[in-house]
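K.L.:
Dropping a structure here in structure tokens format, bear with me for questions.
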2 protein chains.
Amino acid sequence: MTQVHALNQDITLAVIKTACSSCNLRELCLPYGLSLEELERLDDLVSTRRRIKRGDSLYRGSETFNAIYAIRSGFFKTNVLLDDGREQVTGFQMAGELLGLDGISTERHTCNAIALEDSEICAIPFNQLENLSREIHALQKHFHKVMSREIVRDHGVMMLLGTMRAEERLAAFLLNLSQRFKARGFSHAEFYLRMTREEIGSYLGLKLETVSRVFSRFQEEGYIAVQQKHIRIVDIGGLKTLVNHRL
Amino acid sequence: MTQVHALNQDITLAVIKTACSSCNLRELCLPYGLSLEELERLDDLVSTRRRIKRGDSLYRGSETFNAIYAIRSGFFKTNVLLDDGREQVTGFQMAGELLGLDGISTERHTCNAIALEDSEICAIPFNQLENLSREIHALQKHFHKVMSREIVRDHGVMMLLGTMRAEERLAAFLLNLSQRFKARGFSHAEFYLRMTREEIGSYLGLKLETVSRVFSRFQEEGYIAVQQKHIRIVDIGGLKTLVNHRL
DNA sequence: ACGCCGGGTTGACCCAGGTCAACCGTAAAA
DNA sequence: TTTTACGGTTGACCTGGGTCAACCCGGCGT
């Protein structure tokens with residue numbers, strides 16, 4: 001069993017060995033703003049690339065932390081579980097985004113990262129990243145910005161959870177996804193949701209039935225066309241209006 | 001007018017000139033884990049100390065970012081405003097905690113930091129902090145941990161806003177304050193709330209009336225004694241039970 | 001081809017917490 | 001000392017979204 005697993009890993013490593021310097025996500029990801037020479041030094045550091053199958057976890061809460069992860073392809077959710085079983089999805093992450101920043105503070109992960117589709121990740125040993133970022137100013141600067149961006153993003157979610165009604169939350173959610181797909185060169189108007197209604201609900205502080213109902217209402221009112229996980233945004237301006245102006 | 005202001009600042013600076021190395025918050029704050037020699041280098045960096053009067057803001061959203069702030073004494077809230085006037089309080093900060101980390105990502109502040117009582121802060125120019133943290137390994141490490149801790153904290157708030165009922169939120173809120181006061185050497189069982197019911201409500205995604213009612217109910221049920229802003233926790237175990245076990 | 005199952009939709013009903021409004025207490029202003 | 005104003009409390013009522021339950025649909029395993 002262990003042997004088979006190890007074998008699989010070797011094959012996996014061989015297949016997807018790819019460098020930051022040739023990764024088309026480098027402008028979204030950690031290498032942003034680095035010179036070619038600096039990029040190569042980062043390459044040396046990112047030795048481990050790994051596939052994660054849909055439903056498997058990249059890491060789990062309470063595991064010891066020693067690396068952060070960049071998503072090469074695929075889609076993840078992070079969640080936190082309460083003793084009594086309640087789940088809070090704390091984020092959805094897509095290609096070019098970093099996972100695991102939560103683990104730095106206590107040197108243990110504080111949430112679970114679960115692949116919502118077959119994914120590939122690059123593991124970046126954190127100690128080495130700290131070492132390198134002491135030498136490469138641009139890397140240090142960018143890493144700090146990435147961490148800070150995460151904090152700002154979380155404040156946005158707090159705003160959403162604390163002051164918005166269901167329709168506003170879902171409109172904001174769709175607009176956010178749309179904008180992120182667009183930044184990755186995909187259509188901003190048409191995409192597949194990788195997560196279930198229940199996961200969306202957990203993220204937005206709503207029940208799955210409410211998510212479903214609001215999607216239906218959005219469709220009736222001509223904002224979007226939904227069919228299961230397929231979303232087409234028909235009236236993006238309408239959604240934007242929904243978010244900011246209380247009815 | 002400007003002259004008077006400048007004069008006041010001079011006096012202020014003279015009065016509260018104090019070094020990190022002799023600050024009794026150093027174990028909670030940025031200097032954590034530094035050697036004496038390292039501490040002195042950090043001292044050089046923290047040149048500006050400033051008083052903020054109750055109600056005044058330390059910084060406002062969209063101001064350009066160039067320093068982070070350590071609270072020497074006092075109490076702050078941070079908030080974000082929506083176009084239509086809705087406010088979301090994103091956090092309450094007390095002595096030894098850092099403010100302004102949100103500004104790193106875009107080099108502009110993304111929220112307002114407002115003093116809830118007369119306070120004193122130390123401004124730490126961020127560029128210089130980055131420079132120094134490239135030289136002092138322990139400083140770099142600790143700064144990363146502080147940023148990460150902020151992310152973890154925000155996940156906690158998301159959990160609270162996304163899955164908890166009003167009583168659970170308020171119990172969690174009181175326990176959190178209690179624990180932070182304790183860490184600063186104050187009573188963990190008896191303290192003054194620096195914020196209004198409305199601000200608590202905004203932070204917890206509740207209306208001020210609900211906050212008031214739940215406090216009254218907690219009092220009836222013997223968990224706490226409230227009188228206006230004065231809180232005494234009578235049954236800390238009871239509150240803890242409330243948080244984790246859905247009734 | 002069929003049945004199963006997990007995810008999604010929809011309806012009927014309910015309740016936690018929001019809303020609106022009256023009133024109170026304390027602390028600063030006059 | 002009195003006045004005023006702001007924060008807090010409490011009550012009556014309302015409603016958005018939760019709950020419970022039935023049903024639907026599409027993909028997968030047999």
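Residue numbers start at 1 in each chain; chains themselves are named A, B, ... in the order of the structure tokens; ligands are numbered from 1 in the order shown.
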Select from region 19-192 of chain B everything DSSP, run on the backbone, classes as alpha helix (DSSP H), then give the selection as a PyMOL selection string.
P.N.:
chain B and resi 36-45+126-135+137-163+166-183
K.L.:
Dump C-alpha atoms for the selected residues as a PDB file, in the first residue's frame?
P.N.:
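Written output follows (out34.pdb):
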```
ATOM      1  CA  LEU B  36      18.503  43.547  23.778  1.00  0.00           C
ATOM      2  CA  GLU B  37      20.721  44.693  20.965  1.00  0.00           C
ATOM      3  CA  GLU B  38      18.027  43.989  18.388  1.00  0.00           C
ATOM      4  CA  LEU B  39      15.525  45.832  20.515  1.00  0.00           C
ATOM      5  CA  GLU B  40      17.635  48.955  20.355  1.00  0.00           C
ATOM      6  CA  ARG B  41      17.673  48.840  16.581  1.00  0.00           C
ATOM      7  CA  LEU B  42      13.893  48.599  16.597  1.00  0.00           C
ATOM      8  CA  ASP B  43      13.808  51.567  18.984  1.00  0.00           C
ATOM      9  CA  ASP B  44      15.603  53.715  16.428  1.00  0.00           C
ATOM     10  CA  LEU B  45      12.940  52.882  13.933  1.00  0.00           C
ATOM     11  CA  PHE B 126       6.772  50.157   7.098  1.00  0.00           C
ATOM     12  CA  ASN B 127       9.628  50.414   4.626  1.00  0.00           C
ATOM     13  CA  GLN B 128      12.084  50.632   7.469  1.00  0.00           C
ATOM     14  CA  LEU B 129      10.412  47.715   9.206  1.00  0.00           C
ATOM     15  CA  GLU B 130      10.856  45.634   6.064  1.00  0.00           C
ATOM     16  CA  ASN B 131      14.493  46.660   5.878  1.00  0.00           C
ATOM     17  CA  LEU B 132      15.158  45.804   9.484  1.00  0.00           C
ATOM     18  CA  SER B 133      13.284  42.530   9.285  1.00  0.00           C
ATOM     19  CA  ARG B 134      15.618  41.481   6.476  1.00  0.00           C
ATOM     20  CA  GLU B 135      18.436  41.813   8.957  1.00  0.00           C
ATOM     21  CA  HIS B 137      15.558  37.088  11.566  1.00  0.00           C
ATOM     22  CA  ALA B 138      13.486  37.007  14.750  1.00  0.00           C
ATOM     23  CA  LEU B 139      11.733  40.214  13.797  1.00  0.00           C
ATOM     24  CA  GLN B 140      10.852  38.901  10.359  1.00  0.00           C
ATOM     25  CA  LYS B 141       9.541  35.680  11.830  1.00  0.00           C
ATOM     26  CA  HIS B 142       7.478  37.401  14.448  1.00  0.00           C
ATOM     27  CA  PHE B 143       6.026  39.917  12.019  1.00  0.00           C
ATOM     28  CA  HIS B 144       4.883  37.092   9.754  1.00  0.00           C
ATOM     29  CA  LYS B 145       3.270  35.428  12.721  1.00  0.00           C
ATOM     30  CA  VAL B 146       1.448  38.588  13.663  1.00  0.00           C
ATOM     31  CA  MET B 147       0.035  38.950  10.154  1.00  0.00           C
ATOM     32  CA  SER B 148      -0.969  35.318  10.092  1.00  0.00           C
ATOM     33  CA  ARG B 149      -2.594  35.651  13.499  1.00  0.00           C
ATOM     34  CA  GLU B 150      -4.735  38.429  12.081  1.00  0.00           C
ATOM     35  CA  ILE B 151      -5.901  36.091   9.325  1.00  0.00           C
ATOM     36  CA  VAL B 152      -6.747  33.366  11.828  1.00  0.00           C
ATOM     37  CA  ARG B 153      -8.585  35.870  13.982  1.00  0.00           C
ATOM     38  CA  ASP B 154     -10.636  36.963  10.981  1.00  0.00           C
ATOM     39  CA  HIS B 155     -11.531  33.350  10.242  1.00  0.00           C
ATOM     40  CA  GLY B 156     -12.820  33.122  13.784  1.00  0.00           C
ATOM     41  CA  VAL B 157     -15.019  36.133  13.208  1.00  0.00           C
ATOM     42  CA  MET B 158     -16.283  34.622   9.972  1.00  0.00           C
ATOM     43  CA  MET B 159     -17.184  31.455  11.845  1.00  0.00           C
ATOM     44  CA  LEU B 160     -18.987  33.554  14.403  1.00  0.00           C
ATOM     45  CA  LEU B 161     -20.874  35.629  11.835  1.00  0.00           C
ATOM     46  CA  GLY B 162     -21.609  32.702   9.559  1.00  0.00           C
ATOM     47  CA  THR B 163     -22.760  29.983  11.926  1.00  0.00           C
ATOM     48  CA  ALA B 166     -26.929  35.801  18.833  1.00  0.00           C
ATOM     49  CA  GLU B 167     -26.239  34.308  22.287  1.00  0.00           C
ATOM     50  CA  GLU B 168     -23.261  32.350  21.055  1.00  0.00           C
ATOM     51  CA  ARG B 169     -21.810  35.412  19.361  1.00  0.00           C
ATOM     52  CA  LEU B 170     -22.054  37.517  22.475  1.00  0.00           C
ATOM     53  CA  ALA B 171     -20.708  34.798  24.725  1.00  0.00           C
ATOM     54  CA  ALA B 172     -17.747  34.336  22.373  1.00  0.00           C
ATOM     55  CA  PHE B 173     -17.242  38.081  22.266  1.00  0.00           C
ATOM     56  CA  LEU B 174     -17.151  38.441  26.045  1.00  0.00           C
ATOM     57  CA  LEU B 175     -14.819  35.478  26.453  1.00  0.00           C
ATOM     58  CA  ASN B 176     -12.478  36.919  23.856  1.00  0.00           C
ATOM     59  CA  LEU B 177     -12.329  40.293  25.584  1.00  0.00           C
ATOM     60  CA  SER B 178     -11.878  38.622  28.947  1.00  0.00           C
ATOM     61  CA  GLN B 179      -8.972  36.578  27.681  1.00  0.00           C
ATOM     62  CA  ARG B 180      -7.275  39.600  26.113  1.00  0.00           C
ATOM     63  CA  PHE B 181      -7.641  41.721  29.236  1.00  0.00           C
ATOM     64  CA  LYS B 182      -6.175  38.876  31.237  1.00  0.00           C
ATOM     65  CA  ALA B 183      -3.157  38.684  28.918  1.00  0.00           C
TER      66      ALA B 183
END
```
K.L.:
List every residue of chain C that has an atom at most 9 Å from any atom of chain B, and for each one report the closest atom pair and its distance in Å to one decimal, counting only C-alpha atoms (C1' of nucleotides), with rows sorted by chain and then by increasing residue number, as CSV.
P.N.:
```
residue,atom,partner,partner_atom,distance
C:DA16,C1',B:Arg165,CA,8.4
C:DG17,C1',B:Thr210,CA,7.1
C:DG18,C1',B:Lys207,CA,7.3
```
K.L.:
Can you tell me, as a compact mmCIF listing (two decimals) with C-alpha atoms (C1' of nucleotides), in the first residue's frame, what residues are no more than 12 Å from DC23 (chain C) when counting only C-alpha atoms (C1' of nucleotides), ignoring any on the same chain fewer than 2 positions away?
P.N.:
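Final output, saved to out.txt:
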```
# COMPACT_ATOMS: atom_id res chain seq x y z
C1' DA C 21 -41.36 53.23 19.36
C1' DG C 25 -30.23 56.82 33.30
C1' DG D 8 -29.14 51.81 26.85
C1' DT D 9 -33.39 49.07 27.95
C1' DT D 10 -37.75 47.11 27.07
C1' DG D 11 -42.07 45.98 24.71
```
K.L.:
Based on DSSP run over this structure's backbone, return all residues of region 95-214 of chain B in strand (DSSP E or B), as a count of residues only.
P.N.:
20
K.L.:
Which residues are close to DG29 (chain D), i.e. within 12 Å by only C-alpha atoms (C1' of nucleotides), leaving aside same-chain residues fewer than 6 positions away? Reply as a PDB file with C-alpha atoms (C1' of nucleotides), in the first residue's frame.
P.N.:
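Written file, selection13.pdb:
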```pdb
ATOM      1  C1'  DC C   2     -32.175   0.643 -14.743  1.00  0.00           C
ATOM      2  C1'  DG C   3     -32.008   2.069 -10.142  1.00  0.00           C
ATOM      3  C1'  DC C   4     -29.654   4.621  -6.816  1.00  0.00           C
ATOM      4  C1'  DC C   5     -27.897   8.620  -4.729  1.00  0.00           C
TER       5       DC C   5
END
```
